[in-house]
$ cat my_file-v8.txt   # compact mmCIF, C-alpha atoms and all ligand atoms
# COMPACT_ATOMS: atom_id res chain seq x y z
CA MET A 10 0.00 0.00 0.00
CA PHE A 11 2.64 2.58 1.10
CA MET A 12 4.91 1.35 -1.65
CA SER A 13 2.32 2.05 -4.36
CA ILE A 14 1.67 5.56 -2.99
CA ALA A 15 5.40 6.32 -2.74
CA LEU A 16 6.10 5.03 -6.27
CA ALA A 17 3.16 6.97 -7.77
CA LEU A 18 4.21 10.22 -6.04
CA HIS A 19 7.86 9.65 -7.05
CA VAL A 20 7.00 9.19 -10.72
CA LEU A 21 4.46 12.08 -10.72
CA ALA A 22 7.11 14.43 -9.33
CA VAL A 23 9.57 13.23 -11.99
CA VAL A 24 6.99 13.87 -14.73
CA VAL A 25 6.27 17.42 -13.52
CA TRP A 26 9.97 18.33 -13.16
CA VAL A 27 11.44 16.71 -16.30
CA GLY A 28 8.35 17.43 -18.45
CA GLY A 29 8.40 21.07 -17.33
CA MET A 30 12.08 21.43 -18.21
CA PHE A 31 11.51 19.79 -21.60
CA PHE A 32 8.64 22.16 -22.39
CA ALA A 33 10.59 25.24 -21.24
CA HIS A 34 13.74 24.33 -23.15
CA GLN A 35 12.30 22.88 -26.34
CA ALA A 36 9.07 24.88 -26.83
CA LEU A 37 8.83 28.07 -24.78
CA ARG A 38 12.48 29.15 -25.24
CA PRO A 39 12.55 29.05 -29.06
CA ALA A 40 9.05 30.56 -29.26
CA ALA A 41 10.08 33.44 -26.97
CA VAL A 42 13.29 34.06 -28.95
CA ASP A 43 11.29 34.18 -32.21
CA THR A 44 8.56 36.51 -31.00
CA LEU A 45 9.75 38.75 -28.13
CA GLU A 46 12.36 41.49 -27.73
CA PRO A 47 14.78 41.09 -24.77
CA PRO A 48 12.90 43.30 -22.23
CA LEU A 49 9.63 41.39 -22.66
CA ARG A 50 11.35 38.02 -23.08
CA LEU A 51 13.40 38.34 -19.88
CA THR A 52 10.37 39.59 -17.96
CA LEU A 53 8.36 36.60 -19.23
CA TRP A 54 11.09 34.22 -18.01
CA VAL A 55 11.17 35.72 -14.51
CA ALA A 56 7.35 35.42 -14.35
CA THR A 57 7.57 31.82 -15.63
CA PHE A 58 10.33 30.71 -13.22
CA LYS A 59 8.50 32.39 -10.34
CA ARG A 60 5.63 29.97 -10.97
CA PHE A 61 7.63 26.87 -11.99
CA PHE A 62 10.46 26.83 -9.43
CA PRO A 63 8.22 26.36 -6.33
CA TRP A 64 6.86 23.24 -8.08
CA VAL A 65 10.43 22.06 -8.70
CA TRP A 66 11.29 22.48 -5.00
CA LEU A 67 8.21 20.41 -4.14
CA CYS A 68 9.21 17.77 -6.73
CA VAL A 69 12.76 17.61 -5.31
CA ILE A 70 11.43 17.04 -1.79
CA VAL A 71 8.87 14.42 -2.95
CA ILE A 72 11.46 12.57 -5.10
CA LEU A 73 14.00 12.52 -2.25
CA VAL A 74 11.60 11.47 0.50
CA THR A 75 9.81 8.78 -1.55
CA GLY A 76 13.03 7.59 -3.23
CA LEU A 77 14.97 7.22 0.03
CA TRP A 78 12.00 5.54 1.72
CA MET A 79 11.60 3.07 -1.18
CA MET A 80 15.33 2.33 -0.95
CA THR A 81 14.78 1.03 2.58
CA GLN A 82 12.20 -1.45 1.15
CA PHE A 83 14.15 -2.70 -1.88
CA PRO A 84 17.30 -4.73 -2.40
CA LYS A 85 19.61 -1.94 -3.59
CA ALA A 86 20.39 -2.78 -7.20
CA ILE A 87 22.99 -0.86 -9.22
CA TYR A 88 20.29 0.89 -11.28
CA ILE A 89 18.76 2.30 -8.10
CA HIS A 90 22.12 3.67 -6.93
CA SER A 91 22.67 5.12 -10.41
CA MET A 92 19.23 6.78 -10.24
CA MET A 93 20.04 8.24 -6.85
CA GLY A 94 23.44 9.55 -8.00
CA LEU A 95 22.01 11.15 -11.14
CA GLY A 96 19.05 12.49 -9.15
CA ILE A 97 21.37 14.16 -6.63
CA ILE A 98 23.40 15.76 -9.46
CA MET A 99 20.11 17.08 -10.94
CA MET A 100 19.09 18.51 -7.58
CA LEU A 101 22.47 20.23 -7.07
CA LEU A 102 22.29 21.76 -10.57
CA PHE A 103 18.76 23.01 -9.88
CA MET A 104 19.88 24.57 -6.59
CA HIS A 105 22.79 26.26 -8.35
CA VAL A 106 20.40 27.71 -10.95
CA PHE A 107 17.99 28.84 -8.25
CA PHE A 108 20.56 30.57 -6.02
CA ALA A 109 22.99 31.95 -8.65
CA PRO A 110 21.80 32.80 -12.21
CA TYR A 111 18.08 33.03 -11.31
CA ASN A 112 18.90 35.56 -8.58
CA LYS A 113 21.01 37.54 -11.07
CA LEU A 114 18.21 37.39 -13.64
CA LYS A 115 15.64 38.74 -11.15
CA LYS A 116 17.94 41.62 -10.15
CA ALA A 117 18.78 42.42 -13.79
CA VAL A 118 15.11 42.53 -14.78
CA ALA A 119 14.20 44.67 -11.75
CA SER A 120 16.91 47.20 -12.71
CA GLU A 121 16.22 46.85 -16.47
CA SER A 122 19.83 45.72 -17.13
CA TRP A 123 18.95 43.64 -20.19
CA PRO A 124 22.50 42.53 -21.22
CA GLU A 125 23.21 41.14 -17.71
CA GLY A 126 19.76 39.56 -17.71
CA GLY A 127 20.53 37.93 -21.06
CA LYS A 128 23.79 36.50 -19.66
CA ALA A 129 22.03 35.05 -16.60
CA LEU A 130 19.26 33.59 -18.78
CA GLY A 131 21.91 31.99 -21.02
CA GLN A 132 23.38 30.23 -17.95
CA ILE A 133 19.95 29.05 -16.83
CA ARG A 134 19.26 27.74 -20.34
CA MET A 135 22.54 25.77 -20.32
CA PHE A 136 21.88 24.17 -16.91
CA VAL A 137 18.23 23.41 -17.73
CA GLY A 138 19.40 21.80 -21.00
CA ILE A 139 21.93 19.65 -19.09
CA ASN A 140 19.34 18.73 -16.44
CA THR A 141 16.77 17.77 -19.11
CA VAL A 142 19.28 15.36 -20.67
CA ILE A 143 20.29 13.92 -17.26
CA GLY A 144 16.58 13.65 -16.37
CA ILE A 145 15.82 11.65 -19.51
CA VAL A 146 18.84 9.39 -18.94
CA THR A 147 17.72 8.89 -15.31
CA ILE A 148 14.23 7.87 -16.43
CA ILE A 149 15.76 5.33 -18.83
CA VAL A 150 18.04 3.99 -16.07
CA ALA A 151 15.12 3.88 -13.59
CA THR A 152 12.75 2.00 -15.88
CA ALA A 153 14.91 -0.10 -18.22
CA GLY A 154 17.95 -0.30 -15.89
CA ARG A 155 16.80 -3.45 -14.09
CA TYR A 156 17.13 -5.40 -17.38
CA PHE A 157 20.71 -4.38 -18.18
CA ILE A 158 22.52 -3.27 -14.98
C1 LIG B 201 17.49 11.25 -5.79
C2 LIG B 201 17.15 10.18 -5.21
C3 LIG B 201 16.33 9.06 -5.80
C4 LIG B 201 16.16 7.88 -5.14
C5 LIG B 201 16.73 7.49 -3.79
C6 LIG B 201 15.32 7.06 -5.97
C7 LIG B 201 14.89 5.79 -5.63
C8 LIG B 201 13.95 5.04 -6.31
C9 LIG B 201 13.47 3.73 -5.93
C10 LIG B 201 13.93 2.94 -4.71
C11 LIG B 201 12.53 3.35 -6.86
C12 LIG B 201 11.74 2.03 -6.91
C13 LIG B 201 12.55 1.07 -7.74
C14 LIG B 201 11.73 0.11 -8.55
O1 LIG B 201 10.53 0.33 -8.78
O2 LIG B 201 12.35 -0.89 -9.01
C15 LIG B 201 12.43 4.41 -7.84
C16 LIG B 201 11.61 4.40 -8.96
C17 LIG B 201 11.66 5.29 -10.00
N1 LIG B 201 12.46 6.41 -10.05
FE1 LIG B 201 13.73 7.07 -8.58
N2 LIG B 201 15.00 7.73 -7.12
C18 LIG B 201 15.60 8.97 -7.07
C19 LIG B 201 15.53 9.95 -8.06
C20 LIG B 201 14.93 9.80 -9.28
C21 LIG B 201 14.99 10.74 -10.38
C22 LIG B 201 15.74 12.06 -10.33
C23 LIG B 201 14.28 10.21 -11.42
C24 LIG B 201 14.03 10.73 -12.82
C25 LIG B 201 14.46 11.88 -13.29
C26 LIG B 201 13.71 8.96 -10.97
C27 LIG B 201 12.88 8.16 -11.73
C28 LIG B 201 12.25 7.03 -11.27
C29 LIG B 201 11.26 6.27 -12.03
C30 LIG B 201 10.73 6.60 -13.43
C31 LIG B 201 10.90 5.18 -11.23
C32 LIG B 201 9.88 4.07 -11.57
C33 LIG B 201 10.61 2.85 -12.03
C34 LIG B 201 9.63 1.71 -12.33
O3 LIG B 201 8.81 1.38 -11.46
O4 LIG B 201 9.69 1.17 -13.45
N3 LIG B 201 14.14 8.74 -9.68
N4 LIG B 201 13.30 5.43 -7.49

$ encode --input "my_file-v8.txt" --output "structure tokens" --more "lines below"
Ligand code: HEM
Amino acid sequence: MFMSIALALHVLAVVVWVGGMFFAHQALRPAAVDTLEPPLRLTLWVATFKRFFPWVWLCVIVILVTGLWMMTQFPKAIYIHSMMGLGIIMMLLFMHVFFAPYNKLKKAVASESWPEGGKALGQIRMFVGINTVIGIVTIIVATAGRYFI
């Protein structure tokens, strides 16, 4: 019973986090570049992150709590350790984005310093791109991993 709830919450949190990053990086980013000038585009991103990042914090907490609890119930296979290692890297990258470039982006937009804002947004884009790839690899390891590692 607890196992099914933990697994469902774990996977839901993964879907929200990785799916949200995929949408932001692959759909919203190119659409915003094509249609908006820097002042509007950077303002849109601050408004978007302001709504998305609290969800990511919640996802990180849910993934960690459910994942660590499930680990106490399972024989710890290599694919589970790999998932945990990749998951922790993803969480550290997210925290770096949140406390460094996102902070810079908010300050730049508040003071209308568009070139600095553009630089900070470029860093966020790079880290979100890396985290999307690690997220997809982690999902493959988590689901298919038991058959090959
Ligand atoms: C950071 C710490 C994490 C821990 C300790 C952890 C641990 C676990 C455990 C014990 C399971 C159950 C294993 C099983 O069903 O065989 C599981 C399932 C799963 N995890 Fe994680 N996980 C973590 C992070 C992540 C991340 C970051 C992702 C994806 C981005 C992820 C994706 C999944 C998926 C998709 C499943 C379902 C696998 C299935 O039932 O086929 N996990 N996790």

$ closest_residue --input "my_file-v8.txt" --among "A:His90, A:Lys113, A:His34, A:Lys59" --to "ligand LIG 201 (chain B)" --atoms "all atoms listed in the file"
A:His90

$ closest_residue --input "my_file-v8.txt" --among "A:Ile14, A:Leu37, A:Ile133, A:Leu51" --to "A:Trp78" --atoms "all atoms listed in the file"
A:Ile14

$ residues_near_ligand --input "my_file-v8.txt" --ligand "ligand LIG 201 (chain B)" --cutoff "6 Å" --atoms "only C-alpha atoms and all ligand atoms" --output "list in words"
Val20, Val23, Ile72, Leu73, Gly76, Leu77, Met79, Met80, Ile89, Met92, Met93, Gly96, Ile97, Gly144, Thr147, Ile148, Ala151 and Thr152 of chain A

$ write_last_selection --input "my_file-v8.txt" --atoms "C-alpha atoms" --output "compact mmCIF listing (two decimals), in the coordinates of the input"
# COMPACT_ATOMS: atom_id res chain seq x y z
CA VAL A 20 7.00 9.19 -10.72
CA VAL A 23 9.57 13.23 -11.99
CA ILE A 72 11.46 12.57 -5.10
CA LEU A 73 14.00 12.52 -2.25
CA GLY A 76 13.03 7.59 -3.23
CA LEU A 77 14.97 7.22 0.03
CA MET A 79 11.60 3.07 -1.18
CA MET A 80 15.33 2.33 -0.95
CA ILE A 89 18.76 2.30 -8.10
CA MET A 92 19.23 6.78 -10.24
CA MET A 93 20.04 8.24 -6.85
CA GLY A 96 19.05 12.49 -9.15
CA ILE A 97 21.37 14.16 -6.63
CA GLY A 144 16.58 13.65 -16.37
CA THR A 147 17.72 8.89 -15.31
CA ILE A 148 14.23 7.87 -16.43
CA ALA A 151 15.12 3.88 -13.59
CA THR A 152 12.75 2.00 -15.88

$ closest_residue --input "my_file-v8.txt" --among "A:Ala40, A:Phe31, A:Val74, A:Asn112" --to "A:Leu16" --atoms "all atoms listed in the file"
A:Val74

$ closest_residue --input "my_file-v8.txt" --among "A:Leu130, A:Ile98, A:Ala86, A:Met104" --to "A:Lys116" --atoms "only C-alpha atoms"
A:Leu130

$ closest_residue --input "my_file-v8.txt" --among "A:Arg38, A:Leu21, A:Ser91, A:Thr52" --to "A:Gly131" --atoms "all atoms listed in the file"
A:Arg38

$ atom_distance --input "my_file-v8.txt" --atom1 "atom CA of A:Trp54" --atom2 "atom CA of A:Val142"
20.7 Å

$ atom_distance --input "my_file-v8.txt" --atom1 "atom CA of A:Phe62" --atom2 "atom CA of A:Ser13"
26.6 Å

$ closest_residue --input "my_file-v8.txt" --among "A:Met30, A:Thr75, A:Ala22, A:Phe157" --to "A:Thr57" --atoms "only C-alpha atoms"
A:Met30

$ atom_distance --input "my_file-v8.txt" --atom1 "atom CA of A:Arg134" --atom2 "atom CA of A:Tyr111"
10.5 Å

$ closest_atom_pairs --input "my_file-v8.txt" --of "stretch 34-93 of chain A" --to "stretch 118-127 of chain A" --cutoff "12 Å" --atoms "all atoms listed in the file" --output "Markdown table"
| residue | atom | partner | partner_atom | distance |
| --- | --- | --- | --- | --- |
| A:Val42 | CA | A:Gly127 | CA | 11.4 |
| A:Glu46 | CA | A:Trp123 | CA | 10.2 |
| A:Pro47 | CA | A:Trp123 | CA | 6.7 |
| A:Pro48 | CA | A:Trp123 | CA | 6.4 |
| A:Leu49 | CA | A:Val118 | CA | 9.7 |
| A:Arg50 | CA | A:Gly127 | CA | 9.4 |
| A:Leu51 | CA | A:Val118 | CA | 6.8 |
| A:Thr52 | CA | A:Val118 | CA | 6.4 |
| A:Leu53 | CA | A:Val118 | CA | 10.0 |
| A:Trp54 | CA | A:Val118 | CA | 9.8 |
| A:Val55 | CA | A:Val118 | CA | 7.9 |
| A:Ala56 | CA | A:Val118 | CA | 10.5 |

$ residues_near_point --input "my_file-v8.txt" --point "(22.1, 22.3, -8.1)" --cutoff "12 Å" --atoms "all atoms listed in the file" --output "PyMOL selection string"
chain A and resi 65-66+69+95-111+133+136-137+139-140

$ build_atoms --input "my_file-v8.txt" --residues "stretch 68-79 of chain A" --atoms "all heavy atoms" --output "mmCIF file, in the coordinates of the input"
data_model
loop_
_atom_site.group_PDB
_atom_site.id
_atom_site.type_symbol
_atom_site.label_atom_id
_atom_site.label_comp_id
_atom_site.auth_asym_id
_atom_site.auth_seq_id
_atom_site.Cartn_x
_atom_site.Cartn_y
_atom_site.Cartn_z
ATOM 1 N N CYS A 68 8.837 19.028 -6.058
ATOM 2 C CA CYS A 68 9.210 17.770 -6.730
ATOM 3 C C CYS A 68 10.485 17.200 -6.115
ATOM 4 O O CYS A 68 10.583 15.991 -5.857
ATOM 5 C CB CYS A 68 9.422 17.983 -8.230
ATOM 6 S SG CYS A 68 7.896 18.361 -9.093
ATOM 7 N N VAL A 69 11.491 18.064 -5.882
ATOM 8 C CA VAL A 69 12.760 17.610 -5.310
ATOM 9 C C VAL A 69 12.510 16.944 -3.952
ATOM 10 O O VAL A 69 13.014 15.844 -3.667
ATOM 11 C CB VAL A 69 13.744 18.805 -5.176
ATOM 12 C CG1 VAL A 69 14.914 18.461 -4.260
ATOM 13 C CG2 VAL A 69 14.243 19.235 -6.553
ATOM 14 N N ILE A 70 11.696 17.589 -3.130
ATOM 15 C CA ILE A 70 11.430 17.040 -1.790
ATOM 16 C C ILE A 70 10.692 15.698 -1.917
ATOM 17 O O ILE A 70 11.058 14.702 -1.283
ATOM 18 C CB ILE A 70 10.610 18.046 -0.953
ATOM 19 C CG1 ILE A 70 11.482 19.263 -0.635
ATOM 20 C CG2 ILE A 70 10.083 17.413 0.335
ATOM 21 C CD1 ILE A 70 10.718 20.478 -0.146
ATOM 22 N N VAL A 71 9.660 15.663 -2.785
ATOM 23 C CA VAL A 71 8.870 14.420 -2.950
ATOM 24 C C VAL A 71 9.761 13.294 -3.487
ATOM 25 O O VAL A 71 9.725 12.153 -2.995
ATOM 26 C CB VAL A 71 7.661 14.673 -3.875
ATOM 27 C CG1 VAL A 71 7.002 13.363 -4.281
ATOM 28 C CG2 VAL A 71 6.650 15.583 -3.181
ATOM 29 N N ILE A 72 10.596 13.607 -4.499
ATOM 30 C CA ILE A 72 11.460 12.570 -5.100
ATOM 31 C C ILE A 72 12.436 12.032 -4.057
ATOM 32 O O ILE A 72 12.634 10.823 -3.933
ATOM 33 C CB ILE A 72 12.210 13.141 -6.327
ATOM 34 C CG1 ILE A 72 11.239 13.385 -7.482
ATOM 35 C CG2 ILE A 72 13.322 12.190 -6.777
ATOM 36 C CD1 ILE A 72 11.826 14.170 -8.641
ATOM 37 N N LEU A 73 13.025 12.939 -3.269
ATOM 38 C CA LEU A 73 14.000 12.520 -2.250
ATOM 39 C C LEU A 73 13.348 11.669 -1.166
ATOM 40 O O LEU A 73 13.831 10.572 -0.854
ATOM 41 C CB LEU A 73 14.625 13.748 -1.599
ATOM 42 C CG LEU A 73 16.007 14.193 -2.069
ATOM 43 C CD1 LEU A 73 16.489 15.349 -1.207
ATOM 44 C CD2 LEU A 73 17.024 13.043 -2.028
ATOM 45 N N VAL A 74 12.227 12.179 -0.618
ATOM 46 C CA VAL A 74 11.600 11.470 0.500
ATOM 47 C C VAL A 74 11.096 10.096 0.049
ATOM 48 O O VAL A 74 11.386 9.066 0.672
ATOM 49 C CB VAL A 74 10.439 12.314 1.098
ATOM 50 C CG1 VAL A 74 9.621 11.506 2.096
ATOM 51 C CG2 VAL A 74 10.995 13.578 1.761
ATOM 52 N N THR A 75 10.361 10.068 -1.090
ATOM 53 C CA THR A 75 9.810 8.780 -1.550
ATOM 54 C C THR A 75 10.936 7.851 -2.004
ATOM 55 O O THR A 75 10.915 6.655 -1.707
ATOM 56 C CB THR A 75 8.804 8.980 -2.703
ATOM 57 O OG1 THR A 75 9.452 9.725 -3.747
ATOM 58 C CG2 THR A 75 7.564 9.715 -2.252
ATOM 59 N N GLY A 76 11.930 8.415 -2.716
ATOM 60 C CA GLY A 76 13.030 7.590 -3.230
ATOM 61 C C GLY A 76 13.816 6.952 -2.093
ATOM 62 O O GLY A 76 14.088 5.751 -2.102
ATOM 63 N N LEU A 77 14.166 7.764 -1.083
ATOM 64 C CA LEU A 77 14.970 7.220 0.030
ATOM 65 C C LEU A 77 14.135 6.206 0.826
ATOM 66 O O LEU A 77 14.655 5.166 1.251
ATOM 67 C CB LEU A 77 15.476 8.362 0.926
ATOM 68 C CG LEU A 77 16.521 9.268 0.246
ATOM 69 C CD1 LEU A 77 16.902 10.432 1.159
ATOM 70 C CD2 LEU A 77 17.775 8.489 -0.153
ATOM 71 N N TRP A 78 12.843 6.500 0.997
ATOM 72 C CA TRP A 78 12.000 5.540 1.720
ATOM 73 C C TRP A 78 11.910 4.219 0.946
ATOM 74 O O TRP A 78 12.065 3.139 1.524
ATOM 75 C CB TRP A 78 10.596 6.111 1.968
ATOM 76 C CG TRP A 78 9.766 5.125 2.733
ATOM 77 C CD1 TRP A 78 9.816 4.879 4.074
ATOM 78 C CD2 TRP A 78 8.815 4.202 2.191
ATOM 79 N NE1 TRP A 78 8.954 3.868 4.399
ATOM 80 C CE2 TRP A 78 8.323 3.428 3.269
ATOM 81 C CE3 TRP A 78 8.336 3.949 0.905
ATOM 82 C CZ2 TRP A 78 7.367 2.431 3.098
ATOM 83 C CZ3 TRP A 78 7.388 2.955 0.735
ATOM 84 C CH2 TRP A 78 6.909 2.205 1.819
ATOM 85 N N MET A 79 11.703 4.314 -0.388
ATOM 86 C CA MET A 79 11.600 3.070 -1.180
ATOM 87 C C MET A 79 12.904 2.286 -1.125
ATOM 88 O O MET A 79 12.903 1.060 -1.167
ATOM 89 C CB MET A 79 11.224 3.392 -2.636
ATOM 90 C CG MET A 79 9.765 3.791 -2.807
ATOM 91 S SD MET A 79 9.287 3.903 -4.544
ATOM 92 C CE MET A 79 10.191 5.318 -5.109
#
